[in-house]
Every structure is written in C-alpha cells, then in structure tokens.
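Down below is the structure, laid out as structure tokens.
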Amino acid sequence: MTTVKQVAGSAEVDEEFAALITNSNAVQAIASAVEGTLGPKGLDAMLVDRYGDVVITNDGITILSKIETTHPAARMVIGIAKAQEEEVGDGTTTATVMAGTLLSEGVAQVLKGVPVARVIEGIRTGLVHAEEALRSISEPVKGPDDPVLRRVAFVAGREHEDIADLVVEAARLVGVEKLKERHWKLMDTIVAQAGAENEVFMGVIVDKERLNKQMPREVGPARVLVVDDALEPEEIEEEALGTEAGFQRYLQLQREFRQNLDKLVRLGVGVVVVDRRVDDAAEEILTDAGVMVLRRVASSELRRVAEHVGARPVKRTALRRDPADLERYLGSAERVYEDEKLQHVRFLGGAGKPMATVLVGAATEEVVDERERIARDAAAAVQAAVKGGVIPGGGAAELAAARRVAGARRSVKGMAGYGMDCVGEALRRPLAQIVANAGYNPLEKVGDVLAAQEETGNPALGIDCDSGQVADMTELGVLDPAPVKLYALKAAGEIAQAILRINTIIRKREDDDDRESGGTAGAGADRGGDDLL
C-alpha cells in the first residue's frame with residue numbers, strides 16, 4: 001500500500017518508488033489493451049461507448065485513441081502512439097508493447113537497486129545499437145514495380161488481397177517522387193464506401209452531392225472555382241440595418257454579390273466548390289447558368305480538389321476582383337460528374353497536381369470504417385517502404401537487434417548494462433507476443449529462433465504462425481517497412497525514459513482554470529493502472 005506524506009499547500013506526494021510503480025502499471029494497462037491484436041493471428045477488440053455504439057477492430061491506434069483514461073502516464077503513451085501514426089502511419093501497437101516492456105523492465109531494475117540514471121544511460125546505449133542493427137539489415141525498395149511492395153501491403157493490410165492490390169496500384173500511379181514527398185501521404189487517398197466496387201483512378205472524390213438536382217450532373221471540360229468561405233453577400237451588423245445608411249449599404253452589397261455571380265458565369269465557371277453555406281440567390285443564379293455547386297465540403301477535400309484542378313482557394317471578398325485577375329484563381333478539370341449511386345462527385349483530369357484515389361468497396365455500412373482503416377495502414381506501409389526500405393517482419397528483425405544489443409552488453413561495465421538488458425527484453429517482446437497470439441509457447445519459440453539465428457547468422461528467421469516452425473520471414477514474404485520499426489523503437493525509448501525520470505507525482509491545486517476545464521490536469525494522478533480502463 002502506498003504511503004503518502006503531506007507537503008506545503010496540502011499537495012499529496014507519493015514516496016520512494018511509488019510514482020514509478022503507479023506509472024508503470026498505467027502503461028502496462030494501455031499495452032495490454034492492444035497486445036492481443038499483434039500478428040497475423042491477433043484478435044479484435046470491441047470498443048463500446050456510453051451510448052452502446054460498438055466498434056470492432058484490431059487497429060492499434062483506433063483502440064488507443066478511444067480508450068478513456070485520465071492517468072497522465074497513460075495519456076503520454078497514447079500521445080506518442082498518435083505521433084507515430086501521424087509520422088509513419090503504422091506500428092503503433094508495436095511501439096506501445098515495446099514501451100510497456102521497456103518501462104516495466106526498467107522499473108524492475110530500479111527496484112533491485114540500480115539507480116534510475118544508470119538505467120536510462122543503458123537504455124540509450126541499447127537503443128543506439130538496436131537502431132544500428134535494424135538499419136544494417138534493411139533492404140531498399142527498387143521502385144513502385146518492386147514485388148516487395150505487394151508483400152508489404154499484404155502484411156500491413158492484414159492479408160486482404162484486394163486492398164493490397166489497390167494500394168500498390170495507387171503507388172504506381174503517383175510514382176516514387178510523390179511517394180517520397182515529406183508532407184504528402186498515400187493513405188489520404190483512401191476512400192471507403194458501402195456498395196462501391198474496388199477501384200483506383202487518377203482524380204479526387206468529394207463526398208457531397210450537387211446542391212440541387214436541377215444543376216448539371218456532369219460538366220466537362222470544366223473551369224473550377226474553389227471558395228474557402230461561404231458563398232453569400234458580405235454581412236452587415238443588425239444594428240446598422242436599422243439606419244437608412246445601413247440599409248442602403250445592405251442593398252449595395254446584395255447588388256455587388258449578384259454582379260460577382262454574373263462575372264463567374266461570364267468567365268465560364270462550370271463548377272464551384274464551397275467550404276460553407278451557399279446563399280439562396282447564388283443557388284438560383286448558378287442553377288440557371290448550368291453551374292454545378294458543392295457546398296459544406298470538408299477542408300481536406302477542398303484542399304485536394306484545389307491542388308488537383310490547379311485552383312487557388314479564395315475568400316468571398318476576392319470575387320470583387322476584375323475578371324482577368326479572378327481568372328488566375330480558377331482551375332480546370334477534364335470531367336466532373338456526380339455518381340448518384342454512391343452519392344459523391346468525382347474530379348478527373350485536373351490541370352494541377354496528379355492525384356490518385358483508392359476507392360475501397362464494402363458490403364455493408366458496418367464494415368466500411370474497418371476496411372478504410374486497413375487500407376490506410378497498407379498505404380502508409382507502402383509509402384514508408386519506398387522511403388526507407390524493408391526489413392524482415394514477424395518480430396524477426398527485432399530479435400536480431402536484441403542479439404546485437406546482447407553482444408554489446410558484454411563490453412559495458414557498470415550498472416548501465418542493466419538498462420541495456422531492458423532494451424533487449426523489449427526487442428524480444430514483439431515476437432513473443434506474436435507467437436502467443438498464435439497459440440504457441442512464447443518462451444519456447446523465442447528460444448528456438450534465437451538459437452537458429454545464432455547458428456545461421458540469418459536475421460530474417462522467425463516463426464511461421466501457421467506451422468509454429470522456424471522459418472525465413474523474407475522467403476515467406478513477411479516484410480515490414482524499416483521506418484515503421486525504427487520510429488516504433490525510438491518512440492518506445494523516449495516514452496520509457498520520460499516516465500522513468502518522474503520521481504514524484506504531485507496533485508495540482510485546483511485553481512479556477514482547472515475547475516473550468518473539468519479539473520483533468522491532476523485527475524487520477526495517484527491512481528494505479530487498474531483504474532484506467
């Protein structure tokens with residue numbers, strides 16, 4: 001039972017190692033929520049909200065992002081998992097599982113008497129050797145036509161053949177240069193819809209219908225205006241409307257707005273994409289002129305349309321510009337049409353940047369979200385592989401890195417070696433969890449693979465989860481993107497070191513700002529991990 005002492009201001013501070021134990025328990029609770037999903041035989045988690053709505057998935061980031069917890073250490077782990085998802089789009093489960101093991105092993109060493117500083121020193125040294133090992137066994141991808149990419153997509157796509165084919169085809173369409181762009185993400189091209197057929201095409205989908213059925217269903221070739229604003233007259237304050245001058249100003253703005261719409265019609269604008277609402281007068285004028293209008297378009301879709309058609313998004317005030325000046329903001333597309341069955345609009349053959357869209361079909365609405373998550377994981381893995389190469393999957397590469405760390409451990413003097421032991425144990429954990437999820441004894445199988453790798457020097461040896469036998473992961477086609485594993489290792493190391501450094505947990509005084517925000521800053525800070533989920 002944790003003892004507590006009082007300090008000035010009535011703050012409660014946990015004594016000795018209680019903070020480490022509490023935080024370790026919290027992180028373990030988070031790791032246990034996702035570890036059962038790891039590997040080809042991993043199972044699903046059922047997420048239930050307060051209203052009884054259910055999501056069934058084995059996607060690590062989906063589970064982590066929906067866990068309800070107030071424990072600060074647990075929130076740190078979830079935050080770093082989200083950062084991994086944002087950076088490389090995959091590997092959050094591996095990062096979380098390794099972080100949990102690294103932290104629990106580190107705490108165990110501290111409880112045995114190893115100073116925290118020495119544990120952290122050893123962890124840093126071990127991580128350097130592990131990273132070097134992973135980089136040394138990575139192999140570059142030759143290009144979008146390299147068959148290795150198909151295997152990467154298949155593994156990351158949870159063995160869905162159709163999704164792997166779609167993602168690889170999309171990678172071929174956009175090319176290596178686009179895939180290597182720092183801020184462009186292949187997974188953002190994924191769209192899943194119930195009742196759709198699997199399809200990859202060069203173009204953009206907007207998940208909206210035309211404003212009314214009197215507008216043309218198809219326009220092409222089309223000049224496109226993108227309005228990052230509402231398409232309505234400029235507003236005037238209600239108080240000003242009560243004055244004669246204010247009312248005259250209102251009438252003037254109405255006239256100017258109609259003149260601006262007539263200007264768009266004369267410029268030959270065929271499609272208008274609007275971020276917010278569309279005024280009734282604008283709808284009437286543009287309908288009569290045969291212009292297709294899409295309103296309340298999501299900002300991400302608005303941006304993709306603008307990039308694809310080569311348009312520059314404008315505010316409504318920009319419509320006052322001279323026609324020659326306004327024309328420079330227009331984009332164009334060879335064809336824009338509404339798919340009435342799927343209730344979306346497609347922009348094809350844009351004059352701007354080439355854009356690929358992966359349309360993933362689903363039989364029912366219930367599986368749409370999961371199909372989309374799977375496809376996004378596969379797309380992220382393919383892009384990461386193109387950027388940084390591939391390594392053997394199935395936990396084999398991590399085990400090879402653990403062997404490298406163990407070898408370096410023998411030359412380290414002092415207590416820092418115990419920190420390196422923590423890294424080795426964390427690297428062994430992915431394979432152990434994968435084989436445990438497949439129904440085998442992890443201690444036995446990890447030992448078998450370690451012996452086989454030592455004997456042959458082959459870092460690709462792992463466990464075939466179907467037969468339970470030692471097998472070459474590369475020959476089986478079980479490959480992972482190197483950047484995903486490297487980032488997972490880095491993320492696990494950072495979170496473990498950060499939490500090991502926490503010596504005390506102090507409950508903050510609840511001032512007015514805390515109470516207004518619900519007092520979550522210190523809530524649950526002195527609770528163990530068992531209270532998290």
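Each chain in the structure tokens gets a letter, A, B and so on, in the order shown; residues start at 1 in every chain, and ligands are counted from 1 in the order they appear.
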
Running DSSP on the backbone, which parts of region 356-507 of chain A land in alpha helix (DSSP H), as a ChimeraX atom specification? /A:368-388,396-409,416-437,442-456,473-476,482-500

Tell me, which residues of region 268-512 of chain A carry DSSP strand (DSSP E), written as a PDB file with N, CA and C atoms, in the first residue's frame?
ATOM      1  N   VAL A 269     -17.182  29.609 -65.558  1.00  0.00           N
ATOM      2  CA  VAL A 269     -17.023  28.689 -64.439  1.00  0.00           C
ATOM      3  C   VAL A 269     -18.109  27.617 -64.503  1.00  0.00           C
ATOM      4  N   GLY A 270     -17.697  26.350 -64.481  1.00  0.00           N
ATOM      5  CA  GLY A 270     -18.665  25.262 -64.585  1.00  0.00           C
ATOM      6  C   GLY A 270     -18.934  24.563 -63.265  1.00  0.00           C
ATOM      7  N   VAL A 271     -17.966  24.672 -62.305  1.00  0.00           N
ATOM      8  CA  VAL A 271     -18.103  24.012 -61.005  1.00  0.00           C
ATOM      9  C   VAL A 271     -17.605  24.960 -59.919  1.00  0.00           C
ATOM     10  N   VAL A 272     -18.391  25.093 -58.855  1.00  0.00           N
ATOM     11  CA  VAL A 272     -17.997  25.906 -57.709  1.00  0.00           C
ATOM     12  C   VAL A 272     -18.009  25.002 -56.476  1.00  0.00           C
ATOM     13  N   VAL A 273     -16.881  24.931 -55.780  1.00  0.00           N
ATOM     14  CA  VAL A 273     -16.750  24.128 -54.572  1.00  0.00           C
ATOM     15  C   VAL A 273     -16.634  25.089 -53.384  1.00  0.00           C
ATOM     16  N   VAL A 274     -17.553  24.953 -52.426  1.00  0.00           N
ATOM     17  CA  VAL A 274     -17.679  25.941 -51.357  1.00  0.00           C
ATOM     18  C   VAL A 274     -17.453  25.275 -50.001  1.00  0.00           C
ATOM     19  N   MET A 292     -22.488  23.570 -61.635  1.00  0.00           N
ATOM     20  CA  MET A 292     -22.592  22.611 -60.547  1.00  0.00           C
ATOM     21  C   MET A 292     -21.967  23.218 -59.299  1.00  0.00           C
ATOM     22  N   VAL A 293     -22.699  23.166 -58.187  1.00  0.00           N
ATOM     23  CA  VAL A 293     -22.212  23.739 -56.932  1.00  0.00           C
ATOM     24  C   VAL A 293     -22.190  22.657 -55.857  1.00  0.00           C
ATOM     25  N   LEU A 294     -21.082  22.583 -55.120  1.00  0.00           N
ATOM     26  CA  LEU A 294     -20.950  21.688 -53.971  1.00  0.00           C
ATOM     27  C   LEU A 294     -20.711  22.557 -52.748  1.00  0.00           C
ATOM     28  N   GLY A 331      -9.227  26.862 -61.559  1.00  0.00           N
ATOM     29  CA  GLY A 331      -8.591  25.634 -62.005  1.00  0.00           C
ATOM     30  C   GLY A 331      -9.435  25.003 -63.098  1.00  0.00           C
ATOM     31  N   SER A 332      -9.016  23.831 -63.542  1.00  0.00           N
ATOM     32  CA  SER A 332      -9.792  23.157 -64.584  1.00  0.00           C
ATOM     33  C   SER A 332      -9.677  21.644 -64.438  1.00  0.00           C
ATOM     34  N   ALA A 333     -10.692  20.964 -64.922  1.00  0.00           N
ATOM     35  CA  ALA A 333     -10.717  19.501 -64.908  1.00  0.00           C
ATOM     36  C   ALA A 333     -11.351  19.028 -66.208  1.00  0.00           C
ATOM     37  N   GLU A 334     -10.873  17.880 -66.699  1.00  0.00           N
ATOM     38  CA  GLU A 334     -11.432  17.346 -67.939  1.00  0.00           C
ATOM     39  C   GLU A 334     -12.874  16.904 -67.756  1.00  0.00           C
ATOM     40  N   ARG A 335     -13.172  16.388 -66.559  1.00  0.00           N
ATOM     41  CA  ARG A 335     -14.532  15.888 -66.332  1.00  0.00           C
ATOM     42  C   ARG A 335     -14.847  15.946 -64.832  1.00  0.00           C
ATOM     43  N   VAL A 336     -16.034  16.464 -64.515  1.00  0.00           N
ATOM     44  CA  VAL A 336     -16.548  16.476 -63.150  1.00  0.00           C
ATOM     45  C   VAL A 336     -17.957  15.902 -63.208  1.00  0.00           C
ATOM     46  N   TYR A 337     -18.206  14.848 -62.449  1.00  0.00           N
ATOM     47  CA  TYR A 337     -19.542  14.261 -62.504  1.00  0.00           C
ATOM     48  C   TYR A 337     -19.949  13.675 -61.161  1.00  0.00           C
ATOM     49  N   GLU A 338     -21.246  13.590 -60.962  1.00  0.00           N
ATOM     50  CA  GLU A 338     -21.792  13.027 -59.733  1.00  0.00           C
ATOM     51  C   GLU A 338     -22.155  11.567 -59.946  1.00  0.00           C
ATOM     52  N   ASP A 339     -21.665  10.718 -59.063  1.00  0.00           N
ATOM     53  CA  ASP A 339     -22.071   9.316 -59.053  1.00  0.00           C
ATOM     54  C   ASP A 339     -23.303   9.235 -58.154  1.00  0.00           C
ATOM     55  N   HIS A 344     -21.487  10.786 -54.458  1.00  0.00           N
ATOM     56  CA  HIS A 344     -20.304  11.630 -54.369  1.00  0.00           C
ATOM     57  C   HIS A 344     -19.992  12.196 -55.746  1.00  0.00           C
ATOM     58  N   VAL A 345     -19.080  13.173 -55.775  1.00  0.00           N
ATOM     59  CA  VAL A 345     -18.703  13.834 -57.031  1.00  0.00           C
ATOM     60  C   VAL A 345     -17.228  13.575 -57.288  1.00  0.00           C
ATOM     61  N   ARG A 346     -16.910  13.256 -58.549  1.00  0.00           N
ATOM     62  CA  ARG A 346     -15.531  12.967 -58.922  1.00  0.00           C
ATOM     63  C   ARG A 346     -14.979  14.073 -59.819  1.00  0.00           C
ATOM     64  N   PHE A 347     -13.723  14.442 -59.552  1.00  0.00           N
ATOM     65  CA  PHE A 347     -12.990  15.390 -60.385  1.00  0.00           C
ATOM     66  C   PHE A 347     -11.877  14.607 -61.068  1.00  0.00           C
ATOM     67  N   LEU A 348     -11.913  14.548 -62.383  1.00  0.00           N
ATOM     68  CA  LEU A 348     -10.943  13.761 -63.147  1.00  0.00           C
ATOM     69  C   LEU A 348     -10.167  14.663 -64.094  1.00  0.00           C
ATOM     70  N   GLY A 349      -8.893  14.308 -64.297  1.00  0.00           N
ATOM     71  CA  GLY A 349      -8.078  15.031 -65.279  1.00  0.00           C
ATOM     72  C   GLY A 349      -7.829  16.472 -64.902  1.00  0.00           C
ATOM     73  N   GLY A 350      -7.489  16.738 -63.639  1.00  0.00           N
ATOM     74  CA  GLY A 350      -7.224  18.104 -63.205  1.00  0.00           C
ATOM     75  C   GLY A 350      -5.953  18.664 -63.813  1.00  0.00           C
ATOM     76  N   ALA A 356      -4.157  10.473 -57.042  1.00  0.00           N
ATOM     77  CA  ALA A 356      -4.776   9.156 -57.155  1.00  0.00           C
ATOM     78  C   ALA A 356      -5.777   8.997 -56.022  1.00  0.00           C
ATOM     79  N   THR A 357      -6.861   8.294 -56.302  1.00  0.00           N
ATOM     80  CA  THR A 357      -7.846   7.962 -55.279  1.00  0.00           C
ATOM     81  C   THR A 357      -8.036   6.455 -55.262  1.00  0.00           C
ATOM     82  N   VAL A 358      -7.991   5.881 -54.072  1.00  0.00           N
ATOM     83  CA  VAL A 358      -8.240   4.456 -53.887  1.00  0.00           C
ATOM     84  C   VAL A 358      -9.630   4.317 -53.293  1.00  0.00           C
ATOM     85  N   LEU A 359     -10.556   3.803 -54.080  1.00  0.00           N
ATOM     86  CA  LEU A 359     -11.926   3.588 -53.619  1.00  0.00           C
ATOM     87  C   LEU A 359     -12.054   2.138 -53.171  1.00  0.00           C
ATOM     88  N   VAL A 360     -12.266   1.959 -51.870  1.00  0.00           N
ATOM     89  CA  VAL A 360     -12.364   0.627 -51.288  1.00  0.00           C
ATOM     90  C   VAL A 360     -13.831   0.304 -51.054  1.00  0.00           C
ATOM     91  N   GLY A 361     -14.290  -0.756 -51.668  1.00  0.00           N
ATOM     92  CA  GLY A 361     -15.681  -1.152 -51.514  1.00  0.00           C
ATOM     93  C   GLY A 361     -15.916  -1.955 -50.257  1.00  0.00           C
ATOM     94  N   ALA A 362     -17.119  -1.871 -49.729  1.00  0.00           N
ATOM     95  CA  ALA A 362     -17.515  -2.639 -48.552  1.00  0.00           C
ATOM     96  C   ALA A 362     -18.947  -3.111 -48.750  1.00  0.00           C
ATOM     97  N   VAL A 390      12.845  -2.046 -46.480  1.00  0.00           N
ATOM     98  CA  VAL A 390      12.097  -3.050 -45.730  1.00  0.00           C
ATOM     99  C   VAL A 390      13.043  -3.906 -44.898  1.00  0.00           C
ATOM    100  N   ILE A 391      12.472  -4.514 -43.862  1.00  0.00           N
ATOM    101  CA  ILE A 391      13.214  -5.461 -43.021  1.00  0.00           C
ATOM    102  C   ILE A 391      12.327  -6.676 -42.797  1.00  0.00           C
ATOM    103  N   PRO A 392      12.894  -7.812 -42.386  1.00  0.00           N
ATOM    104  CA  PRO A 392      12.069  -8.989 -42.090  1.00  0.00           C
ATOM    105  C   PRO A 392      11.037  -8.662 -41.009  1.00  0.00           C
ATOM    106  N   LEU A 461      15.158 -14.990 -39.671  1.00  0.00           N
ATOM    107  CA  LEU A 461      14.476 -16.167 -39.124  1.00  0.00           C
ATOM    108  C   LEU A 461      13.477 -15.760 -38.041  1.00  0.00           C
ATOM    109  N   GLY A 462      12.280 -16.327 -38.147  1.00  0.00           N
ATOM    110  CA  GLY A 462      11.222 -16.082 -37.171  1.00  0.00           C
ATOM    111  C   GLY A 462      10.367 -17.321 -37.059  1.00  0.00           C
ATOM    112  N   ILE A 463       9.116 -17.142 -36.653  1.00  0.00           N
ATOM    113  CA  ILE A 463       8.197 -18.265 -36.507  1.00  0.00           C
ATOM    114  C   ILE A 463       7.062 -18.158 -37.518  1.00  0.00           C
ATOM    115  N   VAL A 470      10.321 -22.687 -37.143  1.00  0.00           N
ATOM    116  CA  VAL A 470      11.238 -21.607 -37.503  1.00  0.00           C
ATOM    117  C   VAL A 470      11.276 -21.492 -39.028  1.00  0.00           C
ATOM    118  N   ALA A 471      11.157 -20.272 -39.538  1.00  0.00           N
ATOM    119  CA  ALA A 471      11.135 -20.070 -40.985  1.00  0.00           C
ATOM    120  C   ALA A 471      11.748 -18.718 -41.316  1.00  0.00           C
ATOM    121  N   ASP A 472      12.172 -18.591 -42.571  1.00  0.00           N
ATOM    122  CA  ASP A 472      12.742 -17.340 -43.056  1.00  0.00           C
ATOM    123  C   ASP A 472      11.593 -16.404 -43.425  1.00  0.00           C
ATOM    124  N   LEU A 479       7.249  -8.986 -44.564  1.00  0.00           N
ATOM    125  CA  LEU A 479       8.173  -7.855 -44.573  1.00  0.00           C
ATOM    126  C   LEU A 479       7.506  -6.629 -43.970  1.00  0.00           C
ATOM    127  N   ASP A 480       8.286  -5.845 -43.271  1.00  0.00           N
ATOM    128  CA  ASP A 480       7.808  -4.608 -42.665  1.00  0.00           C
ATOM    129  C   ASP A 480       8.638  -3.440 -43.176  1.00  0.00           C
ATOM    130  N   PRO A 481       8.044  -2.251 -43.241  1.00  0.00           N
ATOM    131  CA  PRO A 481       8.835  -1.068 -43.615  1.00  0.00           C
ATOM    132  C   PRO A 481       9.834  -0.740 -42.512  1.00  0.00           C
TER     133      PRO A 481
END

What is the CA of Met187 (chain A)-CA of Ala379 (chain A) distance in Å, reported with one decimal?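 So the answer is 4.9 Å.
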
Pro147 (chain A) environment, 12 Å, only C-alpha atoms, sequence neighbours closer than 3 positions dropped, as number ranges by chain: A: 141-144, 150-154, 164-165, 168-169, 172, 382, 385-386, 477, 479

Identify, on the basis of only C-alpha atoms, every residue whose closest approach to Leu166 (chain A) does not exceed 9 Å; exclude the query and any residue fewer than 4 positions from it along the same chain; express the result as a PDB file with N, CA, C and O atoms, in the first residue's frame.
ATOM      1  N   GLU A 161      -6.133  -9.423 -49.855  1.00  0.00           N
ATOM      2  CA  GLU A 161      -5.539  -9.402 -51.187  1.00  0.00           C
ATOM      3  C   GLU A 161      -6.008  -8.196 -51.997  1.00  0.00           C
ATOM      4  O   GLU A 161      -5.215  -7.525 -52.662  1.00  0.00           O
ATOM      5  N   ASP A 162      -7.323  -7.921 -51.970  1.00  0.00           N
ATOM      6  CA  ASP A 162      -7.862  -6.853 -52.800  1.00  0.00           C
ATOM      7  C   ASP A 162      -7.326  -5.494 -52.381  1.00  0.00           C
ATOM      8  O   ASP A 162      -6.985  -4.656 -53.226  1.00  0.00           O
ATOM      9  N   ALA A 170      -2.119   2.215 -56.699  1.00  0.00           N
ATOM     10  CA  ALA A 170      -2.099   3.650 -56.433  1.00  0.00           C
ATOM     11  C   ALA A 170      -0.665   4.163 -56.336  1.00  0.00           C
ATOM     12  O   ALA A 170      -0.344   5.255 -56.829  1.00  0.00           O
ATOM     13  N   ALA A 171       0.207   3.388 -55.700  1.00  0.00           N
ATOM     14  CA  ALA A 171       1.615   3.777 -55.587  1.00  0.00           C
ATOM     15  C   ALA A 171       2.253   3.887 -56.964  1.00  0.00           C
ATOM     16  O   ALA A 171       3.052   4.797 -57.233  1.00  0.00           O
ATOM     17  N   ASN A 198     -14.245  -1.939 -55.802  1.00  0.00           N
ATOM     18  CA  ASN A 198     -12.840  -1.552 -55.635  1.00  0.00           C
ATOM     19  C   ASN A 198     -12.333  -0.881 -56.901  1.00  0.00           C
ATOM     20  O   ASN A 198     -12.556  -1.370 -58.019  1.00  0.00           O
ATOM     21  N   GLU A 199     -11.635   0.240 -56.722  1.00  0.00           N
ATOM     22  CA  GLU A 199     -11.218   1.000 -57.897  1.00  0.00           C
ATOM     23  C   GLU A 199     -10.068   1.931 -57.534  1.00  0.00           C
ATOM     24  O   GLU A 199     -10.002   2.465 -56.426  1.00  0.00           O
ATOM     25  N   VAL A 200      -9.145   2.118 -58.473  1.00  0.00           N
ATOM     26  CA  VAL A 200      -8.088   3.116 -58.347  1.00  0.00           C
ATOM     27  C   VAL A 200      -8.138   3.989 -59.593  1.00  0.00           C
ATOM     28  O   VAL A 200      -8.171   3.471 -60.711  1.00  0.00           O
ATOM     29  N   VAL A 358      -7.991   5.881 -54.072  1.00  0.00           N
ATOM     30  CA  VAL A 358      -8.240   4.456 -53.887  1.00  0.00           C
ATOM     31  C   VAL A 358      -9.630   4.317 -53.293  1.00  0.00           C
ATOM     32  O   VAL A 358      -9.866   4.695 -52.143  1.00  0.00           O
ATOM     33  N   LEU A 359     -10.556   3.803 -54.080  1.00  0.00           N
ATOM     34  CA  LEU A 359     -11.926   3.588 -53.619  1.00  0.00           C
ATOM     35  C   LEU A 359     -12.054   2.138 -53.171  1.00  0.00           C
ATOM     36  O   LEU A 359     -11.952   1.215 -53.973  1.00  0.00           O
ATOM     37  N   VAL A 360     -12.266   1.959 -51.870  1.00  0.00           N
ATOM     38  CA  VAL A 360     -12.364   0.627 -51.288  1.00  0.00           C
ATOM     39  C   VAL A 360     -13.831   0.304 -51.054  1.00  0.00           C
ATOM     40  O   VAL A 360     -14.531   1.027 -50.339  1.00  0.00           O
ATOM     41  N   ALA A 375      -6.993  -0.306 -45.209  1.00  0.00           N
ATOM     42  CA  ALA A 375      -6.389   0.245 -46.428  1.00  0.00           C
ATOM     43  C   ALA A 375      -5.420   1.378 -46.108  1.00  0.00           C
ATOM     44  O   ALA A 375      -4.359   1.501 -46.738  1.00  0.00           O
TER      45      ALA A 375
END

So that I can see what lies close to region 66-68 of chain A, please list as a tab-separated table (two decimals) with C-alpha atoms, in the first residue's frame the residues with an atom at most 10 Å from it, counting only C-alpha atoms and leaving out residues fewer than 5 positions away in the same chain.
chain	number	residue	atom	x	y	z
A	30	ILE	CA	-2.58	0.53	-22.02
A	33	ALA	CA	-5.34	-3.34	-24.35
A	47	LEU	CA	-14.93	-0.71	-28.20
A	48	VAL	CA	-18.19	0.31	-26.59
A	49	ASP	CA	-19.14	3.92	-25.80
A	55	VAL	CA	-16.59	-0.57	-32.94
A	61	ILE	CA	-4.26	3.48	-32.98
A	74	ALA	CA	-1.23	6.50	-19.94
A	75	ARG	CA	-2.05	9.68	-21.83
A	78	ILE	CA	-1.37	7.37	-26.22
A	532	LEU	CA	-7.65	3.06	-16.26
A	533	LEU	CA	-9.94	1.08	-18.47

Might you pull out every residue within 8 Å of Ser104 (chain A), with only C-alpha atoms counted and same-chain residues fewer than 4 positions away left off, and present them as a ChimeraX atom specification? /A:24,28,100,108

Quick one: residues within 8 Å of Phe17 (chain A), only C-alpha atoms, excluding same-chain residues fewer than 3 positions away - as a list of chain:residue names?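 What passes the distance filter is A:Asp14, A:Leu20, A:Ile21, A:Leu111, A:Asn503.
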
Rounded to one decimal in Å, what is the spacing between CA of Arg158 (chain A) and CA of Ala29 (chain A)?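 It comes out at 24.8 Å.
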
Between CA of Ile434 (chain A) and CA of Pro40 (chain A), measure the distance and give it in Å to one decimal. 7.7 Å

Which residue gives the smallest distance to Leu186 (chain A) among A:Glu444, A:Asp53, A:Glu475, A:Asp377, with only C-alpha atoms counted?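 Checking each of A:Glu444, A:Asp53, A:Glu475, A:Asp377 against Leu186 (chain A), counting only C-alpha atoms, the winner is A:Asp377.
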